[in-house]
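Reading through the structure tokens given below for one structure.
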Amino acid sequence: MRPRRPVSFAVALTSALVGTAVLLAVAQDEPAVVEEFEELPELRASEILKPELMQGPHHTIREQVRTFSGMNEFVIDSEYGLFPADGNKMLLRRLKEVYAIAQLKDVSRGDQFKDALVTAAKSPLNAAKNIVRDPVKAVSSVPKGVMKFVDRAGDSIKNIGKKGDGNEQDGSKAEQLIGYSKVKRKLAVELGVDPYSTNAVLQKELDGVAWATWAGGFAFRAATLPISGPIGAALAVTNVSSALENLLRDKSPAELKEINQAALRSMGAGAKETDRLLSNSAFSPSQVTEFILHLKTLDGVANRAAFVRTAAEQSSSEADASFCVQTASLMSQIHKDAQPLARIAMIGNLPIAIAKDGTVILALEWDYAAWTSGAASVVEQVAALASESGEKRPAMVVLSGEMSPRLQQELQKRGITVQSRASPGPLK
């Protein structure tokens, strides 16, 4: 039996809107309107994904794909374990991680790596290994990653330099630990994976190679280990943007926090929502940085702080954080390439973009949307917002993934422009 996963942020929001609509109808003594809605289907991976992604030398994607959470829910079988992936975007990330694990394991079998481990064991740096002896737990179980790891090790680091023996080498262990985290971040970025990934298997392999590199002088070059075959070509386009990549490689979590804090305040977010977002464990340092980078591209767009507040208050899982990141990405894409945006409005906790020409734009990360009661409630709220000023303004729904023919029909019947597959990712 597959474990139950948390309901995504998008579904939670639409469910809340449905409840509001029902309460309003009761309060106004309106007759209940019975409408037939669609059941969310279970999709088949082979029918929706690019064929080269379905199977490779180190993985197979299971056929059954549930859609009830608003995200396509995939399961990846591999020789390194079973990896769930909530959403199209997360699927690509997890696949990249599987092949990064394979590369790292291949490296660890070599004689040079084994020699580096021997050197590391003899190195004066080996004393610091007691502080980082369980880096997998430090990074994977605490989403703040290396920053939390350094914070927790802080007392031990200080004590190393206070033995009263005047040993400057011991006193520099704090800087050396920072060097270790830099090595690990660089290693992850070279492999095209998230240094703060919740994938414990990946973290273990990263730690092993980072340790041999930092303490044993092992020379690792990801460029010498390309992923071969069709799967390699498909995953070659999944790297993060260069701006995000540079930040993740060059900045510690503490430095990222300072940069992100300044960016949020500059776009109008108050101290409370800024602190709440940056301390929300649902967001890894990578995710919160990517979210803020997307919001920064909405230069001049008013009320971005409302989206920040919702993300900070409502997100409680990695899937929630992904929803916020990818929805902000869609807004950025629309702002730069289609229609310049003027402001962000809110329907409950749902961010709505208002274009400079007045168009109301609902842009969401939604892998598969059907005409459900939740979708119907959102659509009615969007239509109401478009008519709020007394004159009918254009309305548009932009989804990252697919929508059912019935949903498309219902939207068009209401005069709402439709765009699906705005960010198809692994879809055919």
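Residues in the structure tokens are named by chain (A, B, ... in the order shown) and by number from 1 within that chain; ligands are numbered from 1 in the order shown.
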
Give me, as a PyMOL selection string, all polymer residues having an atom no more than 8 Å from range 108-114 of chain A, counting only C-alpha atoms and skipping those fewer than 2 positions away in the same chain. chain A and resi 104-106+116-118+209+212+218

Leaving out Pro230 in chain A and any residue of its chain fewer than 2 positions from it, which residues lie within 12 Å of it when counting only C-alpha atoms, given as a PDB file with C-alpha atoms, in the first residue's frame?
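Final output, selection_28.pdb:
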ATOM      1  CA  LYS A  50       8.330  11.651 -23.086  1.00  0.00           C
ATOM      2  CA  PRO A  51       9.263   8.035 -23.891  1.00  0.00           C
ATOM      3  CA  GLU A  52      12.950   8.527 -23.132  1.00  0.00           C
ATOM      4  CA  LEU A  53      12.086   9.329 -19.518  1.00  0.00           C
ATOM      5  CA  MET A  54      10.109   6.185 -18.804  1.00  0.00           C
ATOM      6  CA  GLN A  55      13.085   3.906 -18.383  1.00  0.00           C
ATOM      7  CA  GLY A  56      16.859   4.081 -18.308  1.00  0.00           C
ATOM      8  CA  PRO A  57      19.883   2.135 -17.140  1.00  0.00           C
ATOM      9  CA  PRO A 226      28.155  12.728 -18.656  1.00  0.00           C
ATOM     10  CA  ILE A 227      24.867  10.836 -18.502  1.00  0.00           C
ATOM     11  CA  SER A 228      24.755   8.763 -21.655  1.00  0.00           C
ATOM     12  CA  GLY A 232      21.007  12.052 -20.585  1.00  0.00           C
ATOM     13  CA  ALA A 233      19.734  14.301 -23.364  1.00  0.00           C
ATOM     14  CA  ALA A 234      16.336  14.611 -21.680  1.00  0.00           C
ATOM     15  CA  LEU A 235      17.842  15.582 -18.331  1.00  0.00           C
ATOM     16  CA  ALA A 236      20.432  17.947 -19.771  1.00  0.00           C
TER      17      ALA A 236
END

So that I can check the surroundings of range 354-370 of chain A, please list as a PDB file with N, CA and C atoms, in the first residue's frame every protein, DNA and RNA residue that reaches within 8 Å of it, counting only C-alpha atoms and ignoring chain neighbours fewer than 2 positions away.
ATOM      1  N   ALA A  10      -2.286  23.831  -3.658  1.00  0.00           N
ATOM      2  CA  ALA A  10      -3.309  24.219  -4.621  1.00  0.00           C
ATOM      3  C   ALA A  10      -4.652  23.591  -4.286  1.00  0.00           C
ATOM      4  N   GLU A  38     -16.394  16.215 -12.753  1.00  0.00           N
ATOM      5  CA  GLU A  38     -15.533  15.119 -13.200  1.00  0.00           C
ATOM      6  C   GLU A  38     -14.814  14.476 -12.021  1.00  0.00           C
ATOM      7  N   GLU A  39     -14.576  13.201 -12.152  1.00  0.00           N
ATOM      8  CA  GLU A  39     -13.704  12.502 -11.217  1.00  0.00           C
ATOM      9  C   GLU A  39     -12.269  12.651 -11.719  1.00  0.00           C
ATOM     10  N   LEU A  40     -11.356  12.910 -10.800  1.00  0.00           N
ATOM     11  CA  LEU A  40      -9.958  13.007 -11.212  1.00  0.00           C
ATOM     12  C   LEU A  40      -9.452  11.627 -11.623  1.00  0.00           C
ATOM     13  N   THR A  67      -3.624  11.824  -9.540  1.00  0.00           N
ATOM     14  CA  THR A  67      -3.714  13.255  -9.827  1.00  0.00           C
ATOM     15  C   THR A  67      -4.497  14.034  -8.780  1.00  0.00           C
ATOM     16  N   GLY A  70      -3.471  17.620  -7.290  1.00  0.00           N
ATOM     17  CA  GLY A  70      -3.164  18.760  -8.152  1.00  0.00           C
ATOM     18  C   GLY A  70      -1.811  18.603  -8.813  1.00  0.00           C
ATOM     19  N   MET A  71      -1.013  17.670  -8.311  1.00  0.00           N
ATOM     20  CA  MET A  71       0.272  17.345  -8.917  1.00  0.00           C
ATOM     21  C   MET A  71       0.250  15.891  -9.371  1.00  0.00           C
ATOM     22  N   ASN A  72       0.811  15.622 -10.520  1.00  0.00           N
ATOM     23  CA  ASN A  72       0.962  14.232 -10.944  1.00  0.00           C
ATOM     24  C   ASN A  72       1.914  13.540  -9.975  1.00  0.00           C
ATOM     25  N   GLY A  87       4.786  15.778  -8.603  1.00  0.00           N
ATOM     26  CA  GLY A  87       4.711  16.805  -9.631  1.00  0.00           C
ATOM     27  C   GLY A  87       5.681  16.585 -10.777  1.00  0.00           C
ATOM     28  N   ASN A  88       5.336  17.200 -11.907  1.00  0.00           N
ATOM     29  CA  ASN A  88       6.151  17.081 -13.112  1.00  0.00           C
ATOM     30  C   ASN A  88       7.574  17.593 -12.890  1.00  0.00           C
ATOM     31  N   PHE A 323       4.820  24.299  -5.196  1.00  0.00           N
ATOM     32  CA  PHE A 323       3.685  25.003  -5.791  1.00  0.00           C
ATOM     33  C   PHE A 323       3.947  26.507  -5.834  1.00  0.00           C
ATOM     34  N   GLN A 326       6.856  27.299  -8.463  1.00  0.00           N
ATOM     35  CA  GLN A 326       6.486  27.156  -9.868  1.00  0.00           C
ATOM     36  C   GLN A 326       5.386  28.141 -10.270  1.00  0.00           C
ATOM     37  N   THR A 327       4.493  28.490  -9.341  1.00  0.00           N
ATOM     38  CA  THR A 327       3.474  29.493  -9.648  1.00  0.00           C
ATOM     39  C   THR A 327       4.129  30.855  -9.842  1.00  0.00           C
ATOM     40  N   LEU A 330       5.651  30.885 -13.266  1.00  0.00           N
ATOM     41  CA  LEU A 330       4.685  31.148 -14.327  1.00  0.00           C
ATOM     42  C   LEU A 330       4.360  32.632 -14.425  1.00  0.00           C
ATOM     43  N   MET A 331       4.158  33.279 -13.280  1.00  0.00           N
ATOM     44  CA  MET A 331       3.889  34.722 -13.288  1.00  0.00           C
ATOM     45  C   MET A 331       5.044  35.487 -13.926  1.00  0.00           C
ATOM     46  N   GLN A 339       2.288  39.318 -21.141  1.00  0.00           N
ATOM     47  CA  GLN A 339       1.579  40.520 -20.723  1.00  0.00           C
ATOM     48  C   GLN A 339       2.218  41.106 -19.474  1.00  0.00           C
ATOM     49  N   PRO A 340       2.686  42.340 -19.551  1.00  0.00           N
ATOM     50  CA  PRO A 340       3.252  42.965 -18.349  1.00  0.00           C
ATOM     51  C   PRO A 340       2.206  43.037 -17.238  1.00  0.00           C
ATOM     52  N   LEU A 341       2.604  42.659 -16.042  1.00  0.00           N
ATOM     53  CA  LEU A 341       1.687  42.636 -14.910  1.00  0.00           C
ATOM     54  C   LEU A 341       1.769  43.940 -14.122  1.00  0.00           C
ATOM     55  N   ALA A 342       0.644  44.295 -13.496  1.00  0.00           N
ATOM     56  CA  ALA A 342       0.585  45.514 -12.694  1.00  0.00           C
ATOM     57  C   ALA A 342       0.608  45.216 -11.208  1.00  0.00           C
ATOM     58  N   ARG A 343      -0.142  44.184 -10.791  1.00  0.00           N
ATOM     59  CA  ARG A 343      -0.227  43.903  -9.362  1.00  0.00           C
ATOM     60  C   ARG A 343      -0.668  42.455  -9.138  1.00  0.00           C
ATOM     61  N   ILE A 344      -0.565  42.038  -7.896  1.00  0.00           N
ATOM     62  CA  ILE A 344      -1.068  40.726  -7.483  1.00  0.00           C
ATOM     63  C   ILE A 344      -2.251  40.950  -6.555  1.00  0.00           C
ATOM     64  N   ALA A 345      -3.369  40.311  -6.863  1.00  0.00           N
ATOM     65  CA  ALA A 345      -4.548  40.337  -6.002  1.00  0.00           C
ATOM     66  C   ALA A 345      -4.685  38.970  -5.356  1.00  0.00           C
ATOM     67  N   PRO A 351      -3.055  33.508  -5.144  1.00  0.00           N
ATOM     68  CA  PRO A 351      -2.550  34.719  -5.806  1.00  0.00           C
ATOM     69  C   PRO A 351      -3.059  34.824  -7.239  1.00  0.00           C
ATOM     70  N   ILE A 352      -3.554  36.001  -7.599  1.00  0.00           N
ATOM     71  CA  ILE A 352      -4.074  36.281  -8.933  1.00  0.00           C
ATOM     72  C   ILE A 352      -3.292  37.449  -9.516  1.00  0.00           C
ATOM     73  N   THR A 372     -13.756  19.901 -11.469  1.00  0.00           N
ATOM     74  CA  THR A 372     -14.176  19.439 -10.152  1.00  0.00           C
ATOM     75  C   THR A 372     -14.878  20.588  -9.430  1.00  0.00           C
ATOM     76  N   ALA A 375     -12.323  23.307  -8.802  1.00  0.00           N
ATOM     77  CA  ALA A 375     -12.007  24.107  -9.989  1.00  0.00           C
ATOM     78  C   ALA A 375     -13.153  25.049 -10.328  1.00  0.00           C
ATOM     79  N   VAL A 382     -12.740  33.865 -10.140  1.00  0.00           N
ATOM     80  CA  VAL A 382     -11.985  34.622 -11.144  1.00  0.00           C
ATOM     81  C   VAL A 382     -12.935  35.467 -11.984  1.00  0.00           C
ATOM     82  N   LEU A 385     -14.056  38.435 -10.003  1.00  0.00           N
ATOM     83  CA  LEU A 385     -13.005  39.448  -9.902  1.00  0.00           C
ATOM     84  C   LEU A 385     -12.904  40.250 -11.198  1.00  0.00           C
ATOM     85  N   ALA A 386     -13.096  39.565 -12.336  1.00  0.00           N
ATOM     86  CA  ALA A 386     -13.019  40.255 -13.630  1.00  0.00           C
ATOM     87  C   ALA A 386     -14.172  41.242 -13.810  1.00  0.00           C
ATOM     88  N   ARG A 393     -13.819  42.715 -17.527  1.00  0.00           N
ATOM     89  CA  ARG A 393     -12.430  42.694 -17.960  1.00  0.00           C
ATOM     90  C   ARG A 393     -12.073  41.305 -18.474  1.00  0.00           C
ATOM     91  N   PRO A 394     -11.097  41.221 -19.365  1.00  0.00           N
ATOM     92  CA  PRO A 394     -10.683  39.892 -19.849  1.00  0.00           C
ATOM     93  C   PRO A 394     -10.148  39.043 -18.696  1.00  0.00           C
ATOM     94  N   ALA A 395     -10.349  37.749 -18.805  1.00  0.00           N
ATOM     95  CA  ALA A 395      -9.831  36.813 -17.802  1.00  0.00           C
ATOM     96  C   ALA A 395      -9.118  35.672 -18.506  1.00  0.00           C
ATOM     97  N   MET A 396      -8.116  35.140 -17.843  1.00  0.00           N
ATOM     98  CA  MET A 396      -7.267  34.111 -18.452  1.00  0.00           C
ATOM     99  C   MET A 396      -6.835  33.118 -17.395  1.00  0.00           C
ATOM    100  N   VAL A 397      -6.821  31.836 -17.752  1.00  0.00           N
ATOM    101  CA  VAL A 397      -6.302  30.780 -16.872  1.00  0.00           C
ATOM    102  C   VAL A 397      -5.100  30.148 -17.556  1.00  0.00           C
ATOM    103  N   VAL A 398      -3.977  30.162 -16.859  1.00  0.00           N
ATOM    104  CA  VAL A 398      -2.731  29.592 -17.378  1.00  0.00           C
ATOM    105  C   VAL A 398      -2.278  28.493 -16.418  1.00  0.00           C
ATOM    106  N   LEU A 399      -2.196  27.277 -16.919  1.00  0.00           N
ATOM    107  CA  LEU A 399      -1.768  26.147 -16.091  1.00  0.00           C
ATOM    108  C   LEU A 399      -0.455  25.576 -16.611  1.00  0.00           C
ATOM    109  N   SER A 400       0.371  25.109 -15.699  1.00  0.00           N
ATOM    110  CA  SER A 400       1.658  24.535 -16.102  1.00  0.00           C
ATOM    111  C   SER A 400       1.475  23.260 -16.906  1.00  0.00           C
ATOM    112  N   GLY A 401       0.447  22.461 -16.538  1.00  0.00           N
ATOM    113  CA  GLY A 401       0.261  21.160 -17.175  1.00  0.00           C
ATOM    114  C   GLY A 401      -0.981  21.080 -18.033  1.00  0.00           C
ATOM    115  N   GLU A 402      -1.671  19.951 -17.926  1.00  0.00           N
ATOM    116  CA  GLU A 402      -2.817  19.673 -18.779  1.00  0.00           C
ATOM    117  C   GLU A 402      -4.133  20.021 -18.077  1.00  0.00           C
ATOM    118  N   MET A 403      -5.178  20.262 -18.882  1.00  0.00           N
ATOM    119  CA  MET A 403      -6.523  20.369 -18.343  1.00  0.00           C
ATOM    120  C   MET A 403      -7.444  19.476 -19.158  1.00  0.00           C
ATOM    121  N   SER A 404      -8.486  18.999 -18.531  1.00  0.00           N
ATOM    122  CA  SER A 404      -9.413  18.112 -19.216  1.00  0.00           C
ATOM    123  C   SER A 404     -10.205  18.895 -20.270  1.00  0.00           C
ATOM    124  N   ARG A 406     -13.334  18.929 -20.625  1.00  0.00           N
ATOM    125  CA  ARG A 406     -14.500  19.506 -19.958  1.00  0.00           C
ATOM    126  C   ARG A 406     -14.151  20.830 -19.274  1.00  0.00           C
ATOM    127  N   LEU A 407     -13.037  20.874 -18.589  1.00  0.00           N
ATOM    128  CA  LEU A 407     -12.622  22.115 -17.938  1.00  0.00           C
ATOM    129  C   LEU A 407     -12.373  23.210 -18.970  1.00  0.00           C
TER     130      LEU A 407
END

Go through A:Val65, A:Ile101, A:Leu202, A:Ala219 one by one, measure the shortest atom-to-atom distance of each to Asp115 in chain A using only C-alpha atoms, and give the residue with the smallest value.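 Closest to Asp115 in chain A of all the choices is A:Ala219.
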
In range 51-82 of chain A, what's strand (DSSP E) per DSSP? Answer as a PyMOL selection string? chain A and resi 55-56+59-61+64-65+73-78+81-82

Determine, counting only C-alpha atoms, which protein, DNA and RNA residues have an atom within 12 Å of an atom of Glu79 in chain A; residues of the same chain fewer than 3 positions away are not included. Present the result as number ranges by chain. A: 56-60, 76, 82-83, 98-99, 101-102, 105, 201

Ala269 in chain A: which residues within 8 Å, counting only C-alpha atoms, same-chain residues fewer than 4 positions away excluded, as a list of chain:residue names?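 With the cut-off at 8 Å, the set is A:Leu264, A:Arg265, A:Glu273, A:Thr274, A:Arg304, A:Ala305, A:Ala306, A:Val308, A:Arg309.
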
Convert the current residue selection to file output with C-alpha atoms, as an mmCIF file, in the first residue's frame.
data_model
loop_
_atom_site.group_PDB
_atom_site.id
_atom_site.type_symbol
_atom_site.label_atom_id
_atom_site.label_comp_id
_atom_site.auth_asym_id
_atom_site.auth_seq_id
_atom_site.Cartn_x
_atom_site.Cartn_y
_atom_site.Cartn_z
ATOM 1 C CA LEU A 264 12.025 40.569 0.263
ATOM 2 C CA ARG A 265 12.183 43.866 2.100
ATOM 3 C CA GLU A 273 6.217 37.784 6.643
ATOM 4 C CA THR A 274 9.903 37.970 5.704
ATOM 5 C CA ARG A 304 4.060 40.865 -4.174
ATOM 6 C CA ALA A 305 4.146 40.843 -0.390
ATOM 7 C CA ALA A 306 0.684 39.249 -0.398
ATOM 8 C CA VAL A 308 4.995 36.098 0.216
ATOM 9 C CA ARG A 309 2.599 36.176 3.160
#

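Our summary of the geometry notes that CA of Cys324 in chain A is positioned 24.4 Å from CA of Gln203 in chain A.
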
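CA of Ser315 in chain A is positioned 21.3 Å from CA of Ser377 in chain A.
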
Pull the helix (DSSP H, G or I) assignments for range 313-376 of chain A out of DSSP run on the backbone, and list those residues as a list in words.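 Checking each residue of range 313-376 of chain A, the helix (DSSP H, G or I) ones are Glu313, Gln314, Glu318, Ala319, Asp320, Ala321, Ser322, Phe323, Cys324, Val325, Gln326, Thr327, Ala328, Ser329, Leu330, Met331, Ser332, Gln333, Ile334, His335, Lys336, Asp337, Ser373, Gly374, Ala375 and Ala376 of chain A.
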
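Take CA of Val183 in chain A and CA of Gln287 in chain A: the distance between them is 20.2 Å.
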